[in-house]
file protein-v7.cif (mmCIF, C-alpha atoms and all ligand atoms)
data_final
loop_
_atom_site.label_atom_id
_atom_site.label_comp_id
_atom_site.auth_asym_id
_atom_site.auth_seq_id
_atom_site.Cartn_x
_atom_site.Cartn_y
_atom_site.Cartn_z
CA MET A 1 49.44 7.69 5.33
CA LYS A 2 47.43 8.95 8.32
CA ASN A 3 43.70 8.82 7.57
CA ILE A 4 41.44 9.13 4.53
CA LEU A 5 38.14 11.02 4.37
CA VAL A 6 35.54 10.04 1.74
CA THR A 7 32.68 12.48 1.17
CA GLY A 8 29.52 11.27 -0.57
CA ALA A 9 30.41 7.78 0.72
CA LEU A 10 26.87 6.42 0.26
CA GLY A 11 26.73 7.25 -3.46
CA GLN A 12 27.37 5.03 -6.49
CA ILE A 13 31.17 5.44 -6.35
CA GLY A 14 31.54 5.83 -2.57
CA SER A 15 29.70 2.55 -1.87
CA GLU A 16 32.54 0.69 -3.58
CA LEU A 17 35.45 3.06 -2.95
CA VAL A 18 35.18 2.90 0.87
CA PRO A 19 35.47 -0.92 1.09
CA ALA A 20 38.33 -0.91 -1.46
CA LEU A 21 40.24 1.78 0.48
CA ARG A 22 39.63 -0.04 3.77
CA GLN A 23 40.93 -3.28 2.30
CA ARG A 24 44.11 -1.50 1.14
CA TYR A 25 44.79 0.86 4.07
CA GLY A 26 42.88 -0.63 6.99
CA ALA A 27 39.24 -0.24 8.02
CA GLY A 28 39.91 2.23 10.82
CA LYS A 29 41.88 4.57 8.56
CA VAL A 30 39.04 5.35 6.15
CA ILE A 31 36.33 7.70 7.44
CA ALA A 32 33.10 7.39 5.43
CA THR A 33 30.93 10.51 5.41
CA ASP A 34 27.71 11.53 3.72
CA LEU A 35 24.89 14.03 4.03
CA LYS A 36 22.58 11.24 5.17
CA VAL A 37 22.09 10.76 8.91
CA LEU A 38 22.18 6.96 9.27
CA PRO A 39 20.31 5.08 12.03
CA PRO A 40 22.68 3.72 14.72
CA SER A 41 22.69 0.24 13.11
CA GLY A 42 23.55 1.71 9.72
CA ALA A 43 26.30 3.95 11.08
CA ALA A 44 27.72 1.00 13.06
CA ALA A 45 27.79 -1.19 9.94
CA LEU A 46 29.74 1.49 8.07
CA ALA A 47 31.90 2.64 11.01
CA PRO A 48 33.83 4.82 11.10
CA TYR A 49 30.98 6.89 9.59
CA ASP A 50 30.05 10.56 10.11
CA HIS A 51 27.23 12.74 8.86
CA LEU A 52 28.93 15.56 6.89
CA ASP A 53 27.54 18.48 4.87
CA CYS A 54 30.46 19.63 2.68
CA THR A 55 28.81 22.99 2.07
CA ASP A 56 29.45 23.74 5.79
CA PRO A 57 33.16 24.59 6.14
CA HIS A 58 33.04 24.19 9.93
CA GLN A 59 31.79 20.58 9.68
CA LEU A 60 34.49 19.79 7.13
CA HIS A 61 37.22 21.47 9.19
CA GLU A 62 36.12 19.58 12.31
CA ALA A 63 36.04 16.20 10.50
CA VAL A 64 39.54 16.70 9.07
CA ARG A 65 40.93 17.87 12.42
CA ARG A 66 39.26 15.22 14.58
CA HIS A 67 40.18 12.30 12.31
CA GLU A 68 43.67 13.61 11.42
CA ILE A 69 42.92 13.37 7.71
CA ASP A 70 45.68 13.66 5.13
CA ALA A 71 43.81 12.52 2.01
CA ILE A 72 40.28 13.48 0.89
CA TYR A 73 38.31 11.71 -1.85
CA HIS A 74 35.62 14.33 -2.49
CA LEU A 75 32.68 12.54 -4.15
CA ALA A 76 29.75 14.57 -2.79
CA ALA A 77 28.05 16.23 -5.78
CA LEU A 78 24.90 16.26 -7.90
CA LEU A 79 25.10 14.24 -11.15
CA SER A 80 24.15 15.58 -14.58
CA ALA A 81 20.39 15.00 -14.78
CA SER A 82 19.73 15.96 -11.13
CA ALA A 83 21.89 19.06 -11.58
CA GLU A 84 20.06 20.11 -14.74
CA ALA A 85 16.77 19.94 -12.80
CA ALA A 86 18.15 22.25 -10.05
CA PRO A 87 21.07 24.25 -11.48
CA GLN A 88 21.39 26.80 -8.63
CA PHE A 89 21.40 24.03 -6.01
CA ALA A 90 23.89 22.05 -8.12
CA TRP A 91 26.28 25.03 -8.22
CA GLN A 92 25.94 25.44 -4.45
CA VAL A 93 26.66 21.79 -3.67
CA ASN A 94 29.22 21.04 -6.36
CA MET A 95 31.25 24.25 -6.13
CA THR A 96 30.94 25.32 -2.49
CA GLY A 97 31.63 21.73 -1.45
CA LEU A 98 34.80 21.53 -3.54
CA TYR A 99 35.96 25.01 -2.50
CA ASN A 100 35.55 24.06 1.17
CA VAL A 101 37.48 20.82 0.63
CA LEU A 102 40.34 22.67 -1.08
CA GLU A 103 40.45 25.33 1.67
CA VAL A 104 40.58 22.68 4.41
CA ALA A 105 43.23 20.81 2.38
CA ARG A 106 45.23 24.07 2.24
CA GLY A 107 45.00 24.37 6.01
CA TYR A 108 45.97 20.77 6.79
CA GLY A 109 48.12 19.86 3.78
CA CYS A 110 45.71 17.13 2.61
CA GLN A 111 45.88 15.39 -0.75
CA VAL A 112 42.59 15.79 -2.70
CA PHE A 113 40.88 13.54 -5.26
CA PHE A 114 38.32 15.30 -7.48
CA PRO A 115 36.01 13.30 -9.77
CA SER A 116 35.58 15.18 -13.02
CA SER A 117 33.65 13.66 -15.91
CA ILE A 118 33.26 13.34 -19.66
CA GLY A 119 30.57 15.89 -18.85
CA ALA A 120 33.36 18.48 -18.60
CA PHE A 121 33.33 18.61 -22.40
CA GLY A 122 30.68 20.14 -24.66
CA PRO A 123 29.37 20.07 -28.26
CA SER A 124 32.33 22.15 -29.55
CA THR A 125 34.81 19.56 -28.22
CA PRO A 126 36.12 16.99 -30.76
CA ARG A 127 33.74 14.11 -29.96
CA ASP A 128 35.83 11.16 -31.12
CA HIS A 129 39.07 10.25 -29.36
CA THR A 130 38.68 13.47 -27.32
CA PRO A 131 42.17 14.80 -26.41
CA GLN A 132 43.43 15.34 -22.85
CA VAL A 133 43.84 19.07 -23.56
CA THR A 134 41.09 20.54 -25.75
CA ILE A 135 38.10 22.86 -25.85
CA GLN A 136 35.91 22.59 -22.75
CA ARG A 137 32.62 24.50 -23.18
CA PRO A 138 29.98 22.23 -21.62
CA THR A 139 26.33 23.20 -22.01
CA THR A 140 25.11 21.64 -18.74
CA ILE A 141 25.44 23.06 -15.23
CA TYR A 142 27.02 19.73 -14.26
CA GLY A 143 29.70 20.26 -16.90
CA VAL A 144 30.17 23.90 -15.84
CA THR A 145 30.82 22.75 -12.24
CA LYS A 146 33.22 20.07 -13.48
CA VAL A 147 35.26 22.48 -15.63
CA ALA A 148 35.25 25.07 -12.83
CA GLY A 149 36.26 22.33 -10.41
CA GLU A 150 39.11 21.24 -12.65
CA LEU A 151 40.37 24.83 -12.89
CA LEU A 152 40.07 25.30 -9.11
CA CYS A 153 42.08 22.11 -8.49
CA ASP A 154 44.72 23.25 -10.98
CA TYR A 155 44.91 26.64 -9.22
CA TYR A 156 45.25 25.15 -5.72
CA ALA A 157 48.01 22.88 -7.00
CA SER A 158 50.02 25.67 -8.66
CA ARG A 159 49.27 28.56 -6.23
CA PHE A 160 49.29 26.68 -2.91
CA GLY A 161 51.10 23.42 -3.70
CA ILE A 162 48.07 21.27 -2.79
CA ASP A 163 48.41 17.71 -4.11
CA THR A 164 45.20 17.69 -6.16
CA ARG A 165 44.48 14.77 -8.51
CA GLY A 166 41.43 14.00 -10.62
CA LEU A 167 39.84 11.82 -13.30
CA ARG A 168 37.37 12.59 -16.08
CA LEU A 169 35.17 9.59 -15.40
CA PRO A 170 32.94 7.98 -18.06
CA GLY A 171 29.58 6.43 -17.27
CA LEU A 172 30.05 3.89 -14.46
CA VAL A 173 28.33 0.52 -14.26
CA SER A 174 28.01 -1.08 -10.83
CA TYR A 175 25.86 -3.64 -9.03
CA VAL A 176 26.40 -2.36 -5.47
CA ALA A 177 24.58 0.97 -5.19
CA ALA A 178 21.61 1.85 -7.39
CA PRO A 179 22.45 4.91 -9.50
CA GLY A 180 20.53 8.15 -9.28
CA GLY A 181 20.38 11.34 -11.28
CA GLY A 182 22.86 10.43 -14.01
CA THR A 183 22.51 10.45 -17.78
CA THR A 184 24.45 7.18 -18.04
CA ASP A 185 22.25 5.43 -15.46
CA TYR A 186 20.48 3.63 -18.31
CA ALA A 187 23.46 1.27 -18.51
CA VAL A 188 22.93 0.12 -14.90
CA GLU A 189 19.12 0.05 -15.11
CA MET A 190 19.37 -2.20 -18.18
CA PHE A 191 21.04 -4.97 -16.15
CA TYR A 192 18.49 -4.73 -13.32
CA HIS A 193 15.58 -4.84 -15.78
CA ALA A 194 17.12 -7.67 -17.81
CA LEU A 195 17.25 -9.86 -14.69
CA ARG A 196 13.93 -8.73 -13.18
CA TYR A 197 11.70 -8.36 -16.26
CA GLY A 198 13.62 -9.66 -19.29
CA ARG A 199 13.14 -6.32 -21.04
CA TYR A 200 14.10 -2.64 -20.74
CA THR A 201 12.80 0.66 -22.09
CA CYS A 202 15.85 2.88 -22.61
CA PHE A 203 15.71 6.68 -22.16
CA LEU A 204 18.57 7.27 -24.61
CA SER A 205 18.44 6.42 -28.33
CA ALA A 206 19.87 3.08 -29.54
CA ASP A 207 22.91 4.66 -31.22
CA THR A 208 23.96 7.03 -28.36
CA ARG A 209 27.66 6.29 -28.10
CA LEU A 210 29.34 7.15 -24.76
CA ASP A 211 32.39 6.06 -22.80
CA MET A 212 31.59 3.55 -20.07
CA MET A 213 33.54 1.68 -17.40
CA TYR A 214 32.90 -1.09 -14.91
CA MET A 215 33.12 0.27 -11.36
CA PRO A 216 36.00 -2.00 -10.23
CA ASP A 217 38.19 -0.39 -12.93
CA ALA A 218 37.16 3.13 -11.86
CA ILE A 219 37.91 2.39 -8.19
CA ALA A 220 41.31 0.89 -9.04
CA GLY A 221 42.07 3.90 -11.24
CA MET A 222 41.28 6.40 -8.46
CA ILE A 223 43.38 4.59 -5.86
CA HIS A 224 46.22 4.03 -8.35
CA LEU A 225 46.27 7.71 -9.36
CA MET A 226 46.34 8.88 -5.71
CA ALA A 227 49.28 6.57 -4.99
CA ALA A 228 51.18 7.49 -8.18
CA ASP A 229 54.54 9.28 -8.20
CA ALA A 230 53.61 13.00 -8.14
CA ASP A 231 56.64 13.84 -10.31
CA ARG A 232 55.11 11.88 -13.21
CA LEU A 233 51.79 13.76 -13.20
CA ARG A 234 51.53 16.39 -15.95
CA TYR A 235 47.88 17.22 -15.23
CA ARG A 236 46.57 18.20 -11.78
CA ASN A 237 43.02 18.96 -12.87
CA ALA A 238 41.87 15.62 -14.27
CA TYR A 239 43.01 12.78 -16.54
CA ASN A 240 40.84 11.33 -19.31
CA ILE A 241 40.19 7.64 -18.62
CA THR A 242 37.94 5.13 -20.35
CA ALA A 243 37.43 1.38 -20.80
CA MET A 244 34.90 1.16 -23.64
CA SER A 245 32.87 3.34 -26.01
CA VAL A 246 29.43 1.72 -26.35
CA THR A 247 25.79 2.31 -27.25
CA PRO A 248 22.62 1.00 -25.55
CA GLU A 249 22.30 -1.42 -28.46
CA ASP A 250 25.86 -2.72 -27.83
CA ILE A 251 25.07 -3.38 -24.15
CA ALA A 252 21.76 -5.05 -25.03
CA ALA A 253 23.56 -7.37 -27.48
CA ALA A 254 26.14 -8.26 -24.79
CA ILE A 255 23.31 -9.07 -22.34
CA ARG A 256 21.64 -11.27 -24.98
CA GLN A 257 24.78 -13.42 -25.00
CA HIS A 258 23.61 -14.50 -21.52
CA ILE A 259 19.83 -13.85 -21.71
CA PRO A 260 18.91 -14.56 -25.36
CA SER A 261 15.31 -13.45 -24.89
CA PHE A 262 16.26 -10.02 -23.52
CA ASP A 263 14.32 -7.28 -25.33
CA ILE A 264 14.96 -3.54 -25.43
CA ASP A 265 12.86 -0.68 -26.75
CA TYR A 266 13.34 3.10 -26.63
CA ASP A 267 11.40 6.00 -25.14
CA VAL A 268 13.88 8.88 -25.45
CA ASP A 269 14.00 11.48 -22.66
CA PRO A 270 14.82 14.71 -24.54
CA VAL A 271 16.58 16.28 -21.54
CA ARG A 272 18.97 13.40 -20.93
CA GLN A 273 19.38 12.78 -24.69
CA ALA A 274 20.47 16.42 -25.13
CA ILE A 275 22.97 16.00 -22.29
CA ALA A 276 24.37 12.80 -23.81
CA ASP A 277 24.56 14.36 -27.29
CA SER A 278 26.73 17.17 -25.88
CA TRP A 279 29.34 14.72 -24.54
CA PRO A 280 32.25 12.96 -26.30
CA ARG A 281 31.67 9.60 -27.98
CA SER A 282 35.13 8.37 -26.98
CA LEU A 283 38.10 9.72 -24.98
CA ASP A 284 41.83 9.58 -25.71
CA ASP A 285 43.26 8.37 -22.37
CA SER A 286 46.87 7.97 -23.57
CA ALA A 287 48.11 10.56 -21.04
CA ALA A 288 46.82 8.43 -18.15
CA HIS A 289 48.54 5.36 -19.61
CA ALA A 290 51.80 7.29 -20.02
CA ASP A 291 51.87 9.23 -16.74
CA TRP A 292 50.63 6.71 -14.18
CA ASP A 293 50.20 3.36 -16.05
CA TRP A 294 46.39 3.41 -16.22
CA ALA A 295 45.05 0.13 -17.64
CA PRO A 296 41.39 -1.04 -17.42
CA HIS A 297 40.70 -4.76 -17.01
CA TYR A 298 37.03 -5.01 -18.06
CA ASP A 299 35.76 -4.68 -21.63
CA LEU A 300 32.03 -4.87 -22.46
CA SER A 301 31.96 -8.67 -22.54
CA ALA A 302 33.81 -9.13 -19.23
CA MET A 303 31.77 -6.39 -17.52
CA THR A 304 28.47 -7.92 -18.70
CA ALA A 305 29.38 -11.42 -17.54
CA ASP A 306 30.52 -10.23 -14.09
CA MET A 307 27.68 -7.73 -13.66
CA LEU A 308 24.95 -10.32 -14.40
CA VAL A 309 26.39 -12.95 -12.04
CA ARG A 310 26.88 -10.55 -9.13
CA LEU A 311 23.65 -8.62 -9.63
CA GLU A 312 21.61 -11.85 -9.85
CA ALA A 313 23.15 -13.02 -6.56
CA LYS A 314 22.39 -9.63 -4.96
CA LEU A 315 18.75 -9.67 -6.13
CA LYS A 316 18.26 -13.26 -4.91
CA THR A 317 19.67 -12.37 -1.48
CA ALA A 318 17.39 -9.34 -1.29
CA ALA A 319 14.36 -11.47 -2.28
CA ARG A 320 15.21 -14.06 0.41
CA LYS A 321 15.51 -11.34 3.07
CA LYS A 322 12.11 -9.99 2.00
CA ARG A 323 10.51 -13.40 2.48
CA VAL A 324 11.95 -13.82 5.98
C1 LIG B 1 26.20 11.21 -14.99
N1 LIG B 1 27.17 9.11 -14.20
O1 LIG B 1 25.56 10.54 -15.80
C2 LIG B 1 27.42 10.56 -14.34
C3 LIG B 1 28.68 10.76 -15.14
C4 LIG B 1 29.76 10.56 -17.38
C5 LIG B 1 28.47 10.51 -16.63
O2 LIG B 1 29.25 12.00 -14.95
O3 LIG B 1 25.93 12.35 -14.70
#

call {"tool": "encode", "arguments": {"input": "protein-v7.cif", "output": "structure tokens"}}
result
Amino acid sequence: MKNILVTGALGQIGSELVPALRQRYGAGKVIATDLKVLPPSGAAALAPYDHLDCTDPHQLHEAVRRHEIDAIYHLAALLSASAEAAPQFAWQVNMTGLYNVLEVARGYGCQVFFPSSIGAFGPSTPRDHTPQVTIQRPTTIYGVTKVAGELLCDYYASRFGIDTRGLRLPGLVSYVAAPGGGTTDYAVEMFYHALRYGRYTCFLSADTRLDMMYMPDAIAGMIHLMAADADRLRYRNAYNITAMSVTPEDIAAAIRQHIPSFDIDYDVDPVRQAIADSWPRSLDDSAAHADWDWAPHYDLSAMTADMLVRLEAKLKTAARKKRV
């Protein structure tokens, strides 16, 4: 393994993927990149870090050449709610960025990780125990870019022999980076509000059932898939993976096991509710188990316990720094 490039490294996934990759492969071998231009102190703390706009093929080409990259985790993209608010921009970022990554990978023989999503399915997809291979007619621009991205990755694998690999990720819960622009962000906000205010007003309805996963499981799954024996992989576009199928009410009840007074009420956002209602309620991830031994470690109870402990510590540290 020469070097790894992570795009969108400052996002919800990238903030935890970069440290995990550096722990496994060595700090100097993982180049973190993002659209944000960090101040010198910030860039030094994340070094090696580069500003990178994936919609500019020259910047991408230069980063891969200069750092001798042979694996790219391409995370830079708009999430579902942000994309729905700016569909033309979302197409530009999500598709041009991926196309540029695949073209550079073709030139340098890089392996590519592509994060698809449960958003790659639509209302005509079987919503319970959604199969690995089924109807994919999403009704959001986010889903359109994810299906198109999956097809592009499949094409580059079969036509050019590029080692593309991907996951259809569920909603991700993490305490490291605040989420932004996602339909499943309610699940993260709920933990912050439970600790800060003891209550939360949820923008999805109480019975909205979606697949969720604790970030440590998602990170382990990505790294495990990229290291898997290529001969075992039947699907180059993206594997279904999940850890739990839960509702806001389920998460609230799990939080109440630790904060009995926690209260939740609902003020449904019709845009994000419509997005959530177009997605599966639960995925069949048996192909991932069979082909590369996928196995999550956190269920709702374990995620809630770990999330509350770590998030409380993070918030207390932040409060202390504010007082200094
Ligand atoms: C979103 N967190 O809400 C992302 C994810 C399955 C949801 O794709 O857009």

call {"tool": "residues_near_ligand", "arguments": {"input": "protein-v7.cif", "ligand": "ligand LIG 1 (chain B)", "cutoff": "9 Å", "atoms": "all atoms listed in the file", "output": "PyMOL selection string"}}
result
chain A and resi 12+78-83+115-120+142-143+168-173+179-186+210-212+272+275-276+279

call {"tool": "write_last_selection", "arguments": {"input": "protein-v7.cif", "atoms": "C-alpha atoms", "output": "PDB file, keeping the file's coordinate frame"}}
result
ATOM      1  CA  GLN A  12      27.370   5.030  -6.490  1.00  0.00           C
ATOM      2  CA  LEU A  78      24.900  16.260  -7.900  1.00  0.00           C
ATOM      3  CA  LEU A  79      25.100  14.240 -11.150  1.00  0.00           C
ATOM      4  CA  SER A  80      24.150  15.580 -14.580  1.00  0.00           C
ATOM      5  CA  ALA A  81      20.390  15.000 -14.780  1.00  0.00           C
ATOM      6  CA  SER A  82      19.730  15.960 -11.130  1.00  0.00           C
ATOM      7  CA  ALA A  83      21.890  19.060 -11.580  1.00  0.00           C
ATOM      8  CA  PRO A 115      36.010  13.300  -9.770  1.00  0.00           C
ATOM      9  CA  SER A 116      35.580  15.180 -13.020  1.00  0.00           C
ATOM     10  CA  SER A 117      33.650  13.660 -15.910  1.00  0.00           C
ATOM     11  CA  ILE A 118      33.260  13.340 -19.660  1.00  0.00           C
ATOM     12  CA  GLY A 119      30.570  15.890 -18.850  1.00  0.00           C
ATOM     13  CA  ALA A 120      33.360  18.480 -18.600  1.00  0.00           C
ATOM     14  CA  TYR A 142      27.020  19.730 -14.260  1.00  0.00           C
ATOM     15  CA  GLY A 143      29.700  20.260 -16.900  1.00  0.00           C
ATOM     16  CA  ARG A 168      37.370  12.590 -16.080  1.00  0.00           C
ATOM     17  CA  LEU A 169      35.170   9.590 -15.400  1.00  0.00           C
ATOM     18  CA  PRO A 170      32.940   7.980 -18.060  1.00  0.00           C
ATOM     19  CA  GLY A 171      29.580   6.430 -17.270  1.00  0.00           C
ATOM     20  CA  LEU A 172      30.050   3.890 -14.460  1.00  0.00           C
ATOM     21  CA  VAL A 173      28.330   0.520 -14.260  1.00  0.00           C
ATOM     22  CA  PRO A 179      22.450   4.910  -9.500  1.00  0.00           C
ATOM     23  CA  GLY A 180      20.530   8.150  -9.280  1.00  0.00           C
ATOM     24  CA  GLY A 181      20.380  11.340 -11.280  1.00  0.00           C
ATOM     25  CA  GLY A 182      22.860  10.430 -14.010  1.00  0.00           C
ATOM     26  CA  THR A 183      22.510  10.450 -17.780  1.00  0.00           C
ATOM     27  CA  THR A 184      24.450   7.180 -18.040  1.00  0.00           C
ATOM     28  CA  ASP A 185      22.250   5.430 -15.460  1.00  0.00           C
ATOM     29  CA  TYR A 186      20.480   3.630 -18.310  1.00  0.00           C
ATOM     30  CA  LEU A 210      29.340   7.150 -24.760  1.00  0.00           C
ATOM     31  CA  ASP A 211      32.390   6.060 -22.800  1.00  0.00           C
ATOM     32  CA  MET A 212      31.590   3.550 -20.070  1.00  0.00           C
ATOM     33  CA  ARG A 272      18.970  13.400 -20.930  1.00  0.00           C
ATOM     34  CA  ILE A 275      22.970  16.000 -22.290  1.00  0.00           C
ATOM     35  CA  ALA A 276      24.370  12.800 -23.810  1.00  0.00           C
ATOM     36  CA  TRP A 279      29.340  14.720 -24.540  1.00  0.00           C
TER      37      TRP A 279
END

call {"tool": "closest_residue", "arguments": {"input": "protein-v7.cif", "among": "A:Ala44, A:Ile255, A:Ile4, A:Ile219", "to": "Gln111 of chain A", "atoms": "only C-alpha atoms"}}
result
A:Ile4

call {"tool": "residues_around", "arguments": {"input": "protein-v7.cif", "residues": "Trp91 of chain A", "least_positions_apart": "3", "cutoff": "12 Å", "atoms": "all atoms listed in the file", "output": "list of chain:residue names"}}
result
A:Thr55, A:Ala77, A:Leu78, A:Leu79, A:Ser80, A:Ser82, A:Ala83, A:Glu84, A:Ala85, A:Ala86, A:Pro87, A:Gln88, A:Asn94, A:Met95, A:Thr96, A:Gly97, A:Leu98, A:Tyr99, A:Thr140, A:Ile141, A:Tyr142, A:Gly143, A:Val144, A:Thr145, A:Lys146, A:Val147, A:Ala148, A:Gly149

call {"tool": "atom_distance", "arguments": {"input": "protein-v7.cif", "atom1": "atom CA of Arg24 of chain A", "atom2": "atom CA of Cys54 of chain A"}}
result
25.2 Å

call {"tool": "closest_residue", "arguments": {"input": "protein-v7.cif", "among": "A:Leu152, A:Ala71, A:Val176, A:Ala47", "to": "Ala313 of chain A", "atoms": "only C-alpha atoms"}}
result
A:Val176

call {"tool": "atom_distance", "arguments": {"input": "protein-v7.cif", "atom1": "atom CA of Ser174 of chain A", "atom2": "atom CA of Thr139 of chain A"}}
result
26.8 Å

call {"tool": "closest_residue", "arguments": {"input": "protein-v7.cif", "among": "A:Gly42, A:Pro248, A:Gly26, A:Pro216", "to": "Asp265 of chain A", "atoms": "all atoms listed in the file"}}
result
A:Pro248

call {"tool": "residues_around", "arguments": {"input": "protein-v7.cif", "residues": "segment 100-108 of chain A", "least_positions_apart": "6", "cutoff": "8 Å", "atoms": "all atoms listed in the file", "output": "list in words"}}
result
Cys54, Thr55, Asp56, Pro57, Leu60, His61, Val64, Asp70, Ile72, His74, Cys153, Tyr156, Phe160 and Ile162 of chain A

call {"tool": "axis_aligned_box", "arguments": {"input": "protein-v7.cif", "around": "segment 12-25 of chain A", "padding_each_side": "4 Å", "output": "JSON"}}
result
{"center_x": 36.1, "center_y": 1.3, "center_z": -1.2, "size_x": 25.4, "size_y": 17.1, "size_z": 18.6}

call {"tool": "closest_residue", "arguments": {"input": "protein-v7.cif", "among": "A:Ala305, A:Ala238, A:Leu75, A:Ala206", "to": "Val268 of chain A", "atoms": "all atoms listed in the file"}}
result
A:Ala206

call {"tool": "atom_distance", "arguments": {"input": "protein-v7.cif", "atom1": "atom CA of Arg256 of chain A", "atom2": "atom CA of His129 of chain A"}}
result
28.0 Å

call {"tool": "closest_residue", "arguments": {"input": "protein-v7.cif", "among": "A:Ala287, A:Ile251, A:Met222, A:Ala157", "to": "Thr208 of chain A", "atoms": "all atoms listed in the file"}}
result
A:Ile251

call {"tool": "closest_residue", "arguments": {"input": "protein-v7.cif", "among": "A:His51, A:Arg22, A:His58, A:His224", "to": "Pro296 of chain A", "atoms": "all atoms listed in the file"}}
result
A:His224

call {"tool": "decode", "arguments": {"input": "protein-v7.cif", "residues": "segment 84-103 of chain A", "atoms": "N, CA and C atoms", "output": "PDB file, in the first residue's frame"}}
result
ATOM      1  N   GLU A  84     -31.320  18.280  -1.930  1.00  0.00           N
ATOM      2  CA  GLU A  84     -32.695  18.581  -2.389  1.00  0.00           C
ATOM      3  C   GLU A  84     -32.934  20.085  -2.442  1.00  0.00           C
ATOM      4  N   ALA A  85     -32.178  20.845  -1.639  1.00  0.00           N
ATOM      5  CA  ALA A  85     -32.332  22.315  -1.634  1.00  0.00           C
ATOM      6  C   ALA A  85     -31.581  22.952  -2.802  1.00  0.00           C
ATOM      7  N   ALA A  86     -30.631  22.183  -3.404  1.00  0.00           N
ATOM      8  CA  ALA A  86     -29.827  22.754  -4.509  1.00  0.00           C
ATOM      9  C   ALA A  86     -29.487  21.634  -5.489  1.00  0.00           C
ATOM     10  N   PRO A  87     -30.490  21.098  -6.193  1.00  0.00           N
ATOM     11  CA  PRO A  87     -30.281  19.890  -6.996  1.00  0.00           C
ATOM     12  C   PRO A  87     -29.244  20.021  -8.109  1.00  0.00           C
ATOM     13  N   GLN A  88     -29.161  21.166  -8.765  1.00  0.00           N
ATOM     14  CA  GLN A  88     -28.180  21.346  -9.854  1.00  0.00           C
ATOM     15  C   GLN A  88     -26.760  21.342  -9.274  1.00  0.00           C
ATOM     16  N   PHE A  89     -26.594  22.028  -8.142  1.00  0.00           N
ATOM     17  CA  PHE A  89     -25.276  22.064  -7.494  1.00  0.00           C
ATOM     18  C   PHE A  89     -24.908  20.667  -6.999  1.00  0.00           C
ATOM     19  N   ALA A  90     -25.907  19.949  -6.478  1.00  0.00           N
ATOM     20  CA  ALA A  90     -25.665  18.589  -5.963  1.00  0.00           C
ATOM     21  C   ALA A  90     -25.192  17.673  -7.085  1.00  0.00           C
ATOM     22  N   TRP A  91     -25.806  17.787  -8.264  1.00  0.00           N
ATOM     23  CA  TRP A  91     -25.386  16.965  -9.400  1.00  0.00           C
ATOM     24  C   TRP A  91     -23.926  17.313  -9.762  1.00  0.00           C
ATOM     25  N   GLN A  92     -23.634  18.581  -9.793  1.00  0.00           N
ATOM     26  CA  GLN A  92     -22.291  19.050 -10.155  1.00  0.00           C
ATOM     27  C   GLN A  92     -21.252  18.479  -9.184  1.00  0.00           C
ATOM     28  N   VAL A  93     -21.504  18.625  -7.889  1.00  0.00           N
ATOM     29  CA  VAL A  93     -20.520  18.167  -6.903  1.00  0.00           C
ATOM     30  C   VAL A  93     -20.474  16.644  -6.861  1.00  0.00           C
ATOM     31  N   ASN A  94     -21.636  16.022  -6.730  1.00  0.00           N
ATOM     32  CA  ASN A  94     -21.654  14.574  -6.501  1.00  0.00           C
ATOM     33  C   ASN A  94     -21.214  13.791  -7.733  1.00  0.00           C
ATOM     34  N   MET A  95     -21.609  14.227  -8.928  1.00  0.00           N
ATOM     35  CA  MET A  95     -21.287  13.444 -10.121  1.00  0.00           C
ATOM     36  C   MET A  95     -19.957  13.841 -10.762  1.00  0.00           C
ATOM     37  N   THR A  96     -19.711  15.153 -10.895  1.00  0.00           N
ATOM     38  CA  THR A  96     -18.432  15.559 -11.493  1.00  0.00           C
ATOM     39  C   THR A  96     -17.281  15.123 -10.590  1.00  0.00           C
ATOM     40  N   GLY A  97     -17.510  15.253  -9.267  1.00  0.00           N
ATOM     41  CA  GLY A  97     -16.457  14.829  -8.328  1.00  0.00           C
ATOM     42  C   GLY A  97     -16.139  13.363  -8.490  1.00  0.00           C
ATOM     43  N   LEU A  98     -17.168  12.524  -8.560  1.00  0.00           N
ATOM     44  CA  LEU A  98     -16.932  11.070  -8.674  1.00  0.00           C
ATOM     45  C   LEU A  98     -16.302  10.738 -10.026  1.00  0.00           C
ATOM     46  N   TYR A  99     -16.824  11.369 -11.093  1.00  0.00           N
ATOM     47  CA  TYR A  99     -16.268  11.118 -12.434  1.00  0.00           C
ATOM     48  C   TYR A  99     -14.776  11.458 -12.451  1.00  0.00           C
ATOM     49  N   ASN A 100     -14.421  12.597 -11.883  1.00  0.00           N
ATOM     50  CA  ASN A 100     -13.003  12.993 -11.846  1.00  0.00           C
ATOM     51  C   ASN A 100     -12.168  11.989 -11.055  1.00  0.00           C
ATOM     52  N   VAL A 101     -12.710  11.508  -9.952  1.00  0.00           N
ATOM     53  CA  VAL A 101     -11.974  10.521  -9.140  1.00  0.00           C
ATOM     54  C   VAL A 101     -11.760   9.248  -9.952  1.00  0.00           C
ATOM     55  N   LEU A 102     -12.797   8.798 -10.653  1.00  0.00           N
ATOM     56  CA  LEU A 102     -12.675   7.554 -11.427  1.00  0.00           C
ATOM     57  C   LEU A 102     -11.700   7.729 -12.600  1.00  0.00           C
ATOM     58  N   GLU A 103     -11.700   8.904 -13.213  1.00  0.00           N
ATOM     59  CA  GLU A 103     -10.772   9.158 -14.330  1.00  0.00           C
ATOM     60  C   GLU A 103      -9.322   9.192 -13.834  1.00  0.00           C
TER      61      GLU A 103
END
